[in-house]
$ cat query-v4.cif   # mmCIF, C-alpha atoms, pLDDT in the B column; chains and numbers go by the auth columns
data_structure
#
loop_
_atom_site.group_PDB
_atom_site.id
_atom_site.type_symbol
_atom_site.label_atom_id
_atom_site.label_comp_id
_atom_site.label_asym_id
_atom_site.label_seq_id
_atom_site.Cartn_x
_atom_site.Cartn_y
_atom_site.Cartn_z
_atom_site.B_iso_or_equiv
_atom_site.auth_seq_id
_atom_site.auth_asym_id
ATOM 1 C CA MET A 1 159.282 130.826 -88.234 60.00 1 A
ATOM 2 C CA ASP A 2 159.099 134.651 -88.213 62.00 2 A
ATOM 3 C CA LYS A 3 155.921 135.297 -90.169 71.00 3 A
ATOM 4 C CA CYS A 4 153.663 135.955 -87.194 67.00 4 A
ATOM 5 C CA ALA A 5 152.990 139.604 -86.409 62.00 5 A
ATOM 6 C CA ASN A 6 151.738 138.896 -82.884 52.00 6 A
ATOM 7 C CA GLU A 7 153.823 138.400 -79.795 39.00 7 A
ATOM 8 C CA GLY A 8 154.384 134.867 -78.588 38.00 8 A
ATOM 9 C CA ASP A 9 156.675 131.907 -78.964 33.00 9 A
ATOM 10 C CA LEU A 10 155.351 129.812 -81.839 38.00 10 A
ATOM 11 C CA ARG A 11 156.976 126.379 -81.697 37.00 11 A
ATOM 12 C CA ASN A 12 156.483 123.587 -84.206 44.00 12 A
ATOM 13 C CA ASN A 13 153.158 121.863 -83.611 47.00 13 A
ATOM 14 C CA SER A 14 153.175 122.727 -79.935 39.00 14 A
ATOM 15 C CA TYR A 15 151.596 126.116 -79.445 42.00 15 A
ATOM 16 C CA VAL A 16 148.186 127.630 -80.123 44.00 16 A
ATOM 17 C CA LEU A 17 148.232 131.410 -80.332 46.00 17 A
ATOM 18 C CA MET A 18 145.184 132.932 -78.669 43.00 18 A
ATOM 19 C CA ILE A 19 143.589 135.906 -80.431 41.00 19 A
ATOM 20 C CA PRO A 20 141.132 138.148 -78.488 40.00 20 A
ATOM 21 C CA ASN A 21 137.521 136.978 -78.783 41.00 21 A
ATOM 22 C CA GLU A 22 136.304 140.149 -80.469 40.00 22 A
ATOM 23 C CA ARG A 23 138.461 139.258 -83.466 39.00 23 A
ATOM 24 C CA LEU A 24 137.032 135.755 -83.840 39.00 24 A
ATOM 25 C CA LYS A 25 134.134 136.570 -86.167 40.00 25 A
ATOM 26 C CA MET A 26 133.847 133.379 -88.212 40.00 26 A
ATOM 27 C CA SER A 27 130.745 131.235 -88.106 49.00 27 A
ATOM 28 C CA GLU A 28 129.819 130.541 -84.490 53.00 28 A
ATOM 29 C CA TYR A 29 127.932 127.436 -85.600 48.00 29 A
ATOM 30 C CA TYR A 30 131.129 125.663 -86.606 51.00 30 A
ATOM 31 C CA SER A 31 133.199 126.891 -83.673 49.00 31 A
ATOM 32 C CA LYS A 32 130.555 126.062 -81.060 55.00 32 A
ATOM 33 C CA ASN A 33 128.395 123.276 -82.508 55.00 33 A
ATOM 34 C CA LEU A 34 130.443 121.498 -85.162 55.00 34 A
ATOM 35 C CA SER A 35 134.054 121.479 -84.058 57.00 35 A
ATOM 36 C CA SER A 36 136.657 118.951 -83.034 69.00 36 A
ATOM 37 C CA ASN A 37 135.482 115.315 -83.066 84.00 37 A
ATOM 38 C CA LEU A 38 132.004 116.252 -84.312 88.00 38 A
ATOM 39 C CA LEU A 39 133.531 117.847 -87.394 88.00 39 A
ATOM 40 C CA LYS A 40 135.806 114.844 -87.850 91.00 40 A
ATOM 41 C CA GLN A 41 132.776 112.532 -87.778 93.00 41 A
ATOM 42 C CA CYS A 42 131.237 114.464 -90.683 93.00 42 A
ATOM 43 C CA TYR A 43 134.157 113.366 -92.833 95.00 43 A
ATOM 44 C CA GLU A 44 134.285 109.841 -91.458 95.00 44 A
ATOM 45 C CA ILE A 45 130.697 109.136 -92.545 97.00 45 A
ATOM 46 C CA ALA A 46 131.141 110.709 -95.994 97.00 46 A
ATOM 47 C CA PRO A 47 129.855 108.396 -98.787 98.00 47 A
ATOM 48 C CA LYS A 48 132.076 107.240 -101.642 98.00 48 A
ATOM 49 C CA ARG A 49 131.219 110.091 -104.045 98.00 49 A
ATOM 50 C CA VAL A 50 131.929 112.696 -101.368 98.00 50 A
ATOM 51 C CA GLN A 51 135.216 111.005 -100.542 98.00 51 A
ATOM 52 C CA GLN A 52 136.107 111.282 -104.238 98.00 52 A
ATOM 53 C CA TYR A 53 135.286 114.993 -104.116 98.00 53 A
ATOM 54 C CA LEU A 54 137.484 115.524 -101.043 98.00 54 A
ATOM 55 C CA ILE A 55 140.419 113.687 -102.623 98.00 55 A
ATOM 56 C CA SER A 56 140.038 115.487 -105.950 98.00 56 A
ATOM 57 C CA GLU A 57 139.990 118.839 -104.190 98.00 57 A
ATOM 58 C CA THR A 58 143.182 118.312 -102.183 98.00 58 A
ATOM 59 C CA ASN A 59 144.946 116.670 -105.151 98.00 59 A
ATOM 60 C CA TYR A 60 144.262 119.797 -107.182 98.00 60 A
ATOM 61 C CA VAL A 61 145.625 122.054 -104.435 98.00 61 A
ATOM 62 C CA VAL A 62 148.813 120.006 -104.199 98.00 62 A
ATOM 63 C CA GLU A 63 149.530 120.820 -107.860 98.00 63 A
ATOM 64 C CA PHE A 64 150.159 124.457 -106.855 98.00 64 A
ATOM 65 C CA ILE A 65 152.531 123.731 -103.967 98.00 65 A
ATOM 66 C CA ASP A 66 156.321 123.483 -104.148 97.00 66 A
ATOM 67 C CA ASP A 67 158.456 121.794 -101.518 96.00 67 A
ATOM 68 C CA SER A 68 159.969 125.171 -100.540 97.00 68 A
ATOM 69 C CA ASP A 69 156.577 126.828 -99.949 98.00 69 A
ATOM 70 C CA SER A 70 155.059 128.081 -96.731 97.00 70 A
ATOM 71 C CA VAL A 71 151.340 127.284 -96.902 98.00 71 A
ATOM 72 C CA LEU A 72 148.573 128.851 -94.838 98.00 72 A
ATOM 73 C CA GLU A 73 145.231 127.068 -94.536 98.00 73 A
ATOM 74 C CA LEU A 74 142.246 129.138 -93.446 98.00 74 A
ATOM 75 C CA GLY A 75 139.760 127.196 -91.318 95.00 75 A
ATOM 76 C CA CYS A 76 141.937 124.127 -90.791 95.00 76 A
ATOM 77 C CA GLY A 77 139.492 122.339 -88.470 93.00 77 A
ATOM 78 C CA TYR A 78 140.979 119.151 -87.055 93.00 78 A
ATOM 79 C CA GLY A 79 143.895 119.185 -89.516 95.00 79 A
ATOM 80 C CA ARG A 80 142.602 116.950 -92.327 96.00 80 A
ATOM 81 C CA VAL A 81 143.999 119.105 -95.152 97.00 81 A
ATOM 82 C CA LEU A 82 147.138 120.155 -93.247 97.00 82 A
ATOM 83 C CA LYS A 83 148.201 116.540 -92.972 96.00 83 A
ATOM 84 C CA ILE A 84 147.808 116.073 -96.734 97.00 84 A
ATOM 85 C CA LEU A 85 149.652 119.258 -97.692 98.00 85 A
ATOM 86 C CA SER A 86 152.569 119.042 -95.264 97.00 86 A
ATOM 87 C CA PRO A 87 154.668 116.471 -97.206 96.00 87 A
ATOM 88 C CA HIS A 88 154.562 118.722 -100.276 98.00 88 A
ATOM 89 C CA SER A 89 155.671 121.971 -98.616 97.00 89 A
ATOM 90 C CA SER A 90 158.301 123.471 -96.351 97.00 90 A
ATOM 91 C CA GLU A 91 155.731 124.258 -93.652 96.00 91 A
ATOM 92 C CA VAL A 92 151.978 124.442 -93.258 97.00 92 A
ATOM 93 C CA ILE A 93 150.178 126.798 -90.907 96.00 93 A
ATOM 94 C CA GLY A 94 146.580 126.162 -89.962 96.00 94 A
ATOM 95 C CA ILE A 95 144.283 128.730 -88.385 96.00 95 A
ATOM 96 C CA ASP A 96 140.821 128.199 -86.964 93.00 96 A
ATOM 97 C CA THR A 97 138.500 129.972 -84.544 89.00 97 A
ATOM 98 C CA SER A 98 137.694 126.797 -82.601 87.00 98 A
ATOM 99 C CA ARG A 99 140.085 125.995 -79.767 88.00 99 A
ATOM 100 C CA GLU A 100 138.627 122.470 -79.568 88.00 100 A
ATOM 101 C CA SER A 101 139.309 121.790 -83.249 89.00 101 A
ATOM 102 C CA LEU A 102 142.869 123.066 -82.925 92.00 102 A
ATOM 103 C CA GLU A 103 143.499 120.799 -79.954 90.00 103 A
ATOM 104 C CA LEU A 104 142.351 117.825 -82.038 91.00 104 A
ATOM 105 C CA ALA A 105 144.473 119.081 -84.949 93.00 105 A
ATOM 106 C CA PHE A 106 147.463 119.084 -82.616 92.00 106 A
ATOM 107 C CA GLU A 107 146.908 115.384 -81.934 92.00 107 A
ATOM 108 C CA TYR A 108 146.070 114.622 -85.580 93.00 108 A
ATOM 109 C CA THR A 109 149.302 116.206 -86.860 91.00 109 A
ATOM 110 C CA LYS A 110 151.378 115.278 -83.827 87.00 110 A
ATOM 111 C CA ASN A 111 155.146 114.966 -84.248 83.00 111 A
ATOM 112 C CA ASN A 112 155.006 116.767 -87.591 90.00 112 A
ATOM 113 C CA PRO A 113 157.575 119.592 -87.362 91.00 113 A
ATOM 114 C CA ARG A 114 156.179 121.213 -90.524 92.00 114 A
ATOM 115 C CA CYS A 115 152.755 121.928 -88.970 94.00 115 A
ATOM 116 C CA HIS A 116 151.886 125.026 -86.942 95.00 116 A
ATOM 117 C CA LEU A 117 148.500 125.857 -85.418 95.00 117 A
ATOM 118 C CA LEU A 118 147.021 129.208 -84.445 95.00 118 A
ATOM 119 C CA GLN A 119 143.655 130.348 -83.187 92.00 119 A
ATOM 120 C CA ALA A 120 142.748 133.316 -85.346 92.00 120 A
ATOM 121 C CA SER A 121 140.177 134.784 -87.711 92.00 121 A
ATOM 122 C CA ALA A 122 140.734 134.671 -91.459 94.00 122 A
ATOM 123 C CA GLU A 123 139.618 138.280 -91.845 91.00 123 A
ATOM 124 C CA MET A 124 142.370 139.551 -89.494 93.00 124 A
ATOM 125 C CA LEU A 125 145.352 137.319 -90.111 95.00 125 A
ATOM 126 C CA PRO A 126 148.178 137.617 -87.554 94.00 126 A
ATOM 127 C CA PHE A 127 150.879 137.534 -90.217 95.00 127 A
ATOM 128 C CA LEU A 128 153.191 140.075 -91.797 95.00 128 A
ATOM 129 C CA GLU A 129 152.593 141.296 -95.324 96.00 129 A
ATOM 130 C CA ASN A 130 154.228 139.257 -98.088 96.00 130 A
ATOM 131 C CA SER A 131 155.125 136.413 -95.720 96.00 131 A
ATOM 132 C CA ILE A 132 153.244 133.372 -97.120 97.00 132 A
ATOM 133 C CA ASP A 133 153.752 131.578 -100.438 98.00 133 A
ATOM 134 C CA LYS A 134 150.331 129.930 -100.790 98.00 134 A
ATOM 135 C CA VAL A 135 147.043 130.613 -98.992 98.00 135 A
ATOM 136 C CA VAL A 136 144.445 127.834 -99.105 98.00 136 A
ATOM 137 C CA CYS A 137 140.757 128.229 -98.284 98.00 137 A
ATOM 138 C CA ILE A 138 138.935 125.223 -99.696 98.00 138 A
ATOM 139 C CA GLN A 139 135.732 123.240 -99.234 95.00 139 A
ATOM 140 C CA ASN A 140 133.501 126.289 -99.228 96.00 140 A
ATOM 141 C CA GLY A 141 135.317 128.205 -96.514 95.00 141 A
ATOM 142 C CA ILE A 142 134.583 131.465 -98.328 96.00 142 A
ATOM 143 C CA SER A 143 130.914 130.880 -97.514 93.00 143 A
ATOM 144 C CA ALA A 144 131.158 128.925 -94.249 91.00 144 A
ATOM 145 C CA PHE A 145 133.240 131.562 -92.446 91.00 145 A
ATOM 146 C CA LYS A 146 130.361 134.078 -92.629 88.00 146 A
ATOM 147 C CA VAL A 147 132.683 137.006 -93.266 91.00 147 A
ATOM 148 C CA ASP A 148 132.808 139.575 -96.058 94.00 148 A
ATOM 149 C CA PRO A 149 134.280 137.625 -99.017 96.00 149 A
ATOM 150 C CA LYS A 150 136.057 140.686 -100.397 96.00 150 A
ATOM 151 C CA GLU A 151 137.755 141.315 -97.051 96.00 151 A
ATOM 152 C CA LEU A 152 138.668 137.640 -96.849 97.00 152 A
ATOM 153 C CA ILE A 153 140.329 137.702 -100.262 98.00 153 A
ATOM 154 C CA GLN A 154 142.046 141.053 -99.654 97.00 154 A
ATOM 155 C CA GLU A 155 143.462 139.850 -96.346 97.00 155 A
ATOM 156 C CA SER A 156 144.686 136.643 -97.976 98.00 156 A
ATOM 157 C CA ILE A 157 146.392 138.647 -100.714 98.00 157 A
ATOM 158 C CA ARG A 158 147.967 140.969 -98.127 97.00 158 A
ATOM 159 C CA VAL A 159 149.920 138.164 -96.459 97.00 159 A
ATOM 160 C CA THR A 160 150.818 136.400 -99.732 98.00 160 A
ATOM 161 C CA LYS A 161 154.128 137.057 -101.428 98.00 161 A
ATOM 162 C CA THR A 162 154.298 138.495 -104.925 97.00 162 A
ATOM 163 C CA GLY A 163 154.223 135.545 -107.277 97.00 163 A
ATOM 164 C CA GLY A 164 152.280 133.505 -104.751 98.00 164 A
ATOM 165 C CA VAL A 165 148.789 132.101 -105.063 98.00 165 A
ATOM 166 C CA CYS A 166 145.543 132.261 -103.074 98.00 166 A
ATOM 167 C CA ILE A 167 143.299 129.233 -103.593 98.00 167 A
ATOM 168 C CA PHE A 168 139.571 129.305 -102.819 98.00 168 A
ATOM 169 C CA SER A 169 136.937 126.694 -103.583 98.00 169 A
ATOM 170 C CA SER A 170 133.239 126.040 -103.215 98.00 170 A
ATOM 171 C CA TYR A 171 130.815 123.341 -104.349 98.00 171 A
ATOM 172 C CA SER A 172 129.860 122.874 -107.999 98.00 172 A
ATOM 173 C CA PRO A 173 126.103 122.991 -108.717 97.00 173 A
ATOM 174 C CA LYS A 174 126.601 119.589 -110.372 98.00 174 A
ATOM 175 C CA PHE A 175 127.439 118.171 -106.939 98.00 175 A
ATOM 176 C CA TRP A 176 124.160 119.288 -105.356 98.00 176 A
ATOM 177 C CA LYS A 177 122.538 115.850 -104.956 98.00 177 A
ATOM 178 C CA HIS A 178 125.668 114.293 -103.436 98.00 178 A
ATOM 179 C CA ARG A 179 126.185 117.269 -101.143 98.00 179 A
ATOM 180 C CA LEU A 180 122.586 117.177 -99.948 98.00 180 A
ATOM 181 C CA ASP A 181 122.777 113.411 -99.333 98.00 181 A
ATOM 182 C CA TRP A 182 125.933 113.950 -97.264 97.00 182 A
ATOM 183 C CA PHE A 183 124.300 116.667 -95.172 97.00 183 A
ATOM 184 C CA GLN A 184 121.284 114.416 -94.629 98.00 184 A
ATOM 185 C CA MET A 185 123.651 111.750 -93.289 98.00 185 A
ATOM 186 C CA GLN A 186 125.102 114.348 -90.922 95.00 186 A
ATOM 187 C CA ALA A 187 121.598 115.282 -89.775 96.00 187 A
ATOM 188 C CA ASP A 188 120.693 111.613 -89.263 97.00 188 A
ATOM 189 C CA ALA A 189 123.811 111.266 -87.096 95.00 189 A
ATOM 190 C CA ASP A 190 122.751 114.327 -85.038 92.00 190 A
ATOM 191 C CA LEU A 191 125.849 116.226 -86.142 91.00 191 A
ATOM 192 C CA ILE A 192 123.736 119.046 -87.559 90.00 192 A
ATOM 193 C CA GLY A 193 120.068 119.899 -87.134 92.00 193 A
ATOM 194 C CA GLU A 194 117.161 118.476 -89.084 97.00 194 A
ATOM 195 C CA ILE A 195 117.186 119.755 -92.668 98.00 195 A
ATOM 196 C CA ASP A 196 114.355 122.134 -93.554 98.00 196 A
ATOM 197 C CA PHE A 197 113.490 120.930 -97.049 97.00 197 A
ATOM 198 C CA GLU A 198 111.030 123.754 -97.632 97.00 198 A
ATOM 199 C CA LYS A 199 113.913 126.235 -97.461 97.00 199 A
ATOM 200 C CA THR A 200 116.658 124.009 -98.857 98.00 200 A
ATOM 201 C CA LYS A 201 117.146 124.654 -102.573 96.00 201 A
ATOM 202 C CA ASP A 202 119.316 126.343 -105.210 93.00 202 A
ATOM 203 C CA GLY A 203 122.587 125.353 -103.531 94.00 203 A
ATOM 204 C CA ILE A 204 121.470 126.482 -100.074 96.00 204 A
ATOM 205 C CA ILE A 205 121.015 123.972 -97.235 97.00 205 A
ATOM 206 C CA VAL A 206 118.995 125.181 -94.241 96.00 206 A
ATOM 207 C CA CYS A 207 118.577 123.299 -90.969 94.00 207 A
ATOM 208 C CA LYS A 208 115.918 123.867 -88.343 95.00 208 A
ATOM 209 C CA ASP A 209 118.557 124.620 -85.683 90.00 209 A
ATOM 210 C CA GLY A 210 119.685 127.730 -87.552 87.00 210 A
ATOM 211 C CA PHE A 211 122.463 126.200 -89.639 88.00 211 A
ATOM 212 C CA LYS A 212 122.636 127.537 -93.202 91.00 212 A
ATOM 213 C CA ALA A 213 125.152 126.483 -95.835 92.00 213 A
ATOM 214 C CA THR A 214 125.453 128.559 -98.995 95.00 214 A
ATOM 215 C CA THR A 215 127.920 128.283 -101.885 96.00 215 A
ATOM 216 C CA TYR A 216 129.839 130.380 -104.391 96.00 216 A
ATOM 217 C CA THR A 217 129.241 129.646 -108.060 96.00 217 A
ATOM 218 C CA SER A 218 131.616 130.391 -110.923 97.00 218 A
ATOM 219 C CA ASP A 219 129.624 133.572 -111.580 97.00 219 A
ATOM 220 C CA ASP A 220 129.917 134.585 -107.910 97.00 220 A
ATOM 221 C CA PHE A 221 133.683 134.148 -107.987 98.00 221 A
ATOM 222 C CA ASP A 222 133.917 135.997 -111.293 98.00 222 A
ATOM 223 C CA TYR A 223 131.973 138.939 -109.843 97.00 223 A
ATOM 224 C CA LEU A 224 134.255 139.051 -106.793 97.00 224 A
ATOM 225 C CA VAL A 225 137.538 139.030 -108.686 97.00 225 A
ATOM 226 C CA ARG A 226 136.274 141.665 -111.113 97.00 226 A
ATOM 227 C CA GLN A 227 135.396 143.928 -108.186 97.00 227 A
ATOM 228 C CA LEU A 228 138.841 143.404 -106.697 97.00 228 A
ATOM 229 C CA ASP A 229 140.604 143.700 -110.060 96.00 229 A
ATOM 230 C CA VAL A 230 142.843 140.686 -109.485 97.00 230 A
ATOM 231 C CA ASP A 231 144.291 138.122 -111.865 97.00 231 A
ATOM 232 C CA ALA A 232 142.348 134.910 -111.345 98.00 232 A
ATOM 233 C CA GLN A 233 141.301 131.681 -113.016 98.00 233 A
ATOM 234 C CA ILE A 234 138.015 129.991 -112.215 98.00 234 A
ATOM 235 C CA ILE A 235 137.777 126.295 -112.945 98.00 235 A
ATOM 236 C CA GLU A 236 135.531 123.345 -112.111 98.00 236 A
ATOM 237 C CA ILE A 237 137.161 120.114 -110.907 98.00 237 A
ATOM 238 C CA ASP A 238 135.611 116.643 -110.812 98.00 238 A
ATOM 239 C CA GLU A 239 132.106 118.088 -111.300 98.00 239 A
ATOM 240 C CA SER A 240 132.236 118.707 -107.552 98.00 240 A
ATOM 241 C CA SER A 241 134.390 121.788 -106.844 98.00 241 A
ATOM 242 C CA VAL A 242 134.591 125.295 -108.251 98.00 242 A
ATOM 243 C CA PHE A 243 138.065 126.764 -107.732 98.00 243 A
ATOM 244 C CA CYS A 244 139.129 130.396 -107.828 98.00 244 A
ATOM 245 C CA ILE A 245 142.905 130.660 -108.202 98.00 245 A
ATOM 246 C CA ILE A 246 144.261 134.166 -107.579 98.00 246 A
ATOM 247 C CA ASN A 247 147.746 134.994 -108.820 98.00 247 A
ATOM 248 C CA VAL A 248 149.219 137.584 -106.484 98.00 248 A
ATOM 249 C CA GLU A 249 151.108 140.483 -108.057 95.00 249 A
ATOM 250 C CA LYS A 250 151.829 143.663 -106.104 86.00 250 A
#
$ encode --input "query-v4.cif" --output "structure tokens"
Amino acid sequence: MDKCANEGDLRNNSYVLMIPNERLKMSEYYSKNLSSNLLKQCYEIAPKRVQQYLISETNYVVEFIDDSDSVLELGCGYGRVLKILSPHSSEVIGIDTSRESLELAFEYTKNNPRCHLLQASAEMLPFLENSIDKVVCIQNGISAFKVDPKELIQESIRVTKTGGVCIFSSYSPKFWKHRLDWFQMQADADLIGEIDFEKTKDGIIVCKDGFKATTYTSDDFDYLVRQLDVDAQIIEIDESSVFCIINVEK
């Protein structure tokens, strides 16, 4: 693997590249309060409708991946999506800001020579230009990372090869009730703070411990891609996800 622009020996599923702290600007809530096994528990307690949403989302992503592709996942967490994508690609690379989550991802994807893990920020990717076939940032990462969405998309496009694809997704407004129920289950399990229902509305979930989860609608994605003047398709899947598929041409 020669895609990494930083120094260091990156071996298959055995090395976590450390990036200086000042470059790790993604949401501190996830990296400090909801990482590793706590994040994994959020998915383990997911009700049936949420499980359907998670499966539908990854199934849709798989449709874009060829077995010769290198795939980069932004915000890989404990490796849930990496494990699903790896059989369909040549290699998958997961980045996250949480060292604890990456250590769990190492165990979760253990003995998989196609998986690589790096600690890095999605807004300053440690990869060469035109080095990745597909970039994946799903399940509302574009909002959860708490970075400038235009910079996030531009950086993803920078590392993607011409003819490649960048895949972003957020929650559909039609999924609001199921999403809120799932977050309430997480609050009941003390995985996130108590939900502030006075402030929680219009796709925004606010907790009393400072946690705030927003989303990107189809209109939000449309506004972004128009500003960036990129070729993109915006589509709703399963009445649960809104996808923005960017076709990279340079």
$ closest_residue --input "query-v4.cif" --among "A:Asp196, A:Lys134, A:Thr215, A:Ser169" --to "A:Lys146" --atoms "all atoms listed in the file"
A:Thr215
$ closest_residue --input "query-v4.cif" --among "A:Thr109, A:Gln233, A:Thr214, A:Gln186" --to "A:Ile167" --atoms "only C-alpha atoms"
A:Gln233
$ closest_residue --input "query-v4.cif" --among "A:Arg114, A:Lys150, A:Arg158, A:Lys208" --to "A:Val135" --atoms "all atoms listed in the file"
A:Arg158
$ atom_distance --input "query-v4.cif" --atom1 "atom CA of A:Tyr171" --atom2 "atom CA of A:His116"
27.4 Å
$ residues_around --input "query-v4.cif" --residues "A:Ile142" --least-positions-apart "2" --cutoff "8 Å" --atoms "all atoms listed in the file" --output "PDB file with C-alpha atoms, in the frame of the given file"
ATOM      1  CA  CYS A 137     140.757 128.229 -98.284  1.00 98.00           C
ATOM      2  CA  ILE A 138     138.935 125.223 -99.696  1.00 98.00           C
ATOM      3  CA  ASN A 140     133.501 126.289 -99.228  1.00 96.00           C
ATOM      4  CA  ALA A 144     131.158 128.925 -94.249  1.00 91.00           C
ATOM      5  CA  PHE A 145     133.240 131.562 -92.446  1.00 91.00           C
ATOM      6  CA  LYS A 146     130.361 134.078 -92.629  1.00 88.00           C
ATOM      7  CA  VAL A 147     132.683 137.006 -93.266  1.00 91.00           C
ATOM      8  CA  PRO A 149     134.280 137.625 -99.017  1.00 96.00           C
ATOM      9  CA  LEU A 152     138.668 137.640 -96.849  1.00 97.00           C
ATOM     10  CA  PHE A 168     139.571 129.305-102.819  1.00 98.00           C
ATOM     11  CA  SER A 169     136.937 126.694-103.583  1.00 98.00           C
ATOM     12  CA  SER A 170     133.239 126.040-103.215  1.00 98.00           C
ATOM     13  CA  TYR A 216     129.839 130.380-104.391  1.00 96.00           C
TER      14      TYR A 216
END
$ atom_distance --input "query-v4.cif" --atom1 "atom CA of A:Cys166" --atom2 "atom CA of A:Val136"
6.0 Å
$ atom_distance --input "query-v4.cif" --atom1 "atom CA of A:Asp96" --atom2 "atom CA of A:Ser156"
14.4 Å
$ residues_near_point --input "query-v4.cif" --point "(124.9, 112.8, -92.2)" --cutoff "10 Å" --atoms "only C-alpha atoms" --output "PyMOL selection string"
chain A and resi 41-47+180-193
$ closest_residue --input "query-v4.cif" --among "A:Glu91, A:Gln139, A:Tyr53, A:Gly163" --to "A:Phe243" --atoms "all atoms listed in the file"
A:Gln139
$ residues_around --input "query-v4.cif" --residues "A:Asp66" --least-positions-apart "4" --cutoff "12 Å" --atoms "only C-alpha atoms" --output "list in words"
Val61, Val62, Ser70, Val71, Leu85, Ser86, Pro87, His88, Ser89, Ser90, Glu91, Val92, Asp133, Lys134, Gly164 and Val165 of chain A
$ write_last_selection --input "query-v4.cif" --atoms "C-alpha atoms" --output "mmCIF file, in the coordinates of the input"
data_model
loop_
_atom_site.group_PDB
_atom_site.id
_atom_site.type_symbol
_atom_site.label_atom_id
_atom_site.label_comp_id
_atom_site.auth_asym_id
_atom_site.auth_seq_id
_atom_site.Cartn_x
_atom_site.Cartn_y
_atom_site.Cartn_z
ATOM 1 C CA VAL A 61 145.625 122.054 -104.435
ATOM 2 C CA VAL A 62 148.813 120.006 -104.199
ATOM 3 C CA SER A 70 155.059 128.081 -96.731
ATOM 4 C CA VAL A 71 151.340 127.284 -96.902
ATOM 5 C CA LEU A 85 149.652 119.258 -97.692
ATOM 6 C CA SER A 86 152.569 119.042 -95.264
ATOM 7 C CA PRO A 87 154.668 116.471 -97.206
ATOM 8 C CA HIS A 88 154.562 118.722 -100.276
ATOM 9 C CA SER A 89 155.671 121.971 -98.616
ATOM 10 C CA SER A 90 158.301 123.471 -96.351
ATOM 11 C CA GLU A 91 155.731 124.258 -93.652
ATOM 12 C CA VAL A 92 151.978 124.442 -93.258
ATOM 13 C CA ASP A 133 153.752 131.578 -100.438
ATOM 14 C CA LYS A 134 150.331 129.930 -100.790
ATOM 15 C CA GLY A 164 152.280 133.505 -104.751
ATOM 16 C CA VAL A 165 148.789 132.101 -105.063
#
$ resolve_selection --input "query-v4.cif" --expression "the PyMOL selection byres ((chain A and resi 40) around 12)" --output "PyMOL selection string"
chain A and resi 30+34-39+41-46+76-81+100-102+104-105+108+186+191
$ axis_aligned_box --input "query-v4.cif" --around "stretch 128-136 of chain A" --padding-each-side "4 Å" --output "lines of an AutoDock Vina configuration file"
center_x = 149.8
center_y = 134.6
center_z = -96.3
size_x = 18.7
size_y = 21.5
size_z = 17.0
$ closest_residue --input "query-v4.cif" --among "A:Gly203, A:Pro113, A:Pro173, A:Pro126" --to "A:Leu74" --atoms "all atoms listed in the file"
A:Pro126
$ resolve_selection --input "query-v4.cif" --expression "the PyMOL selection byres ((chain A and resi 155) around 10)" --output "PyMOL selection string"
chain A and resi 122-125+127+129+149-154+156-160
$ closest_residue --input "query-v4.cif" --among "A:Lys83, A:Gly210, A:Glu73, A:Tyr60" --to "A:Ile235" --atoms "all atoms listed in the file"
A:Tyr60
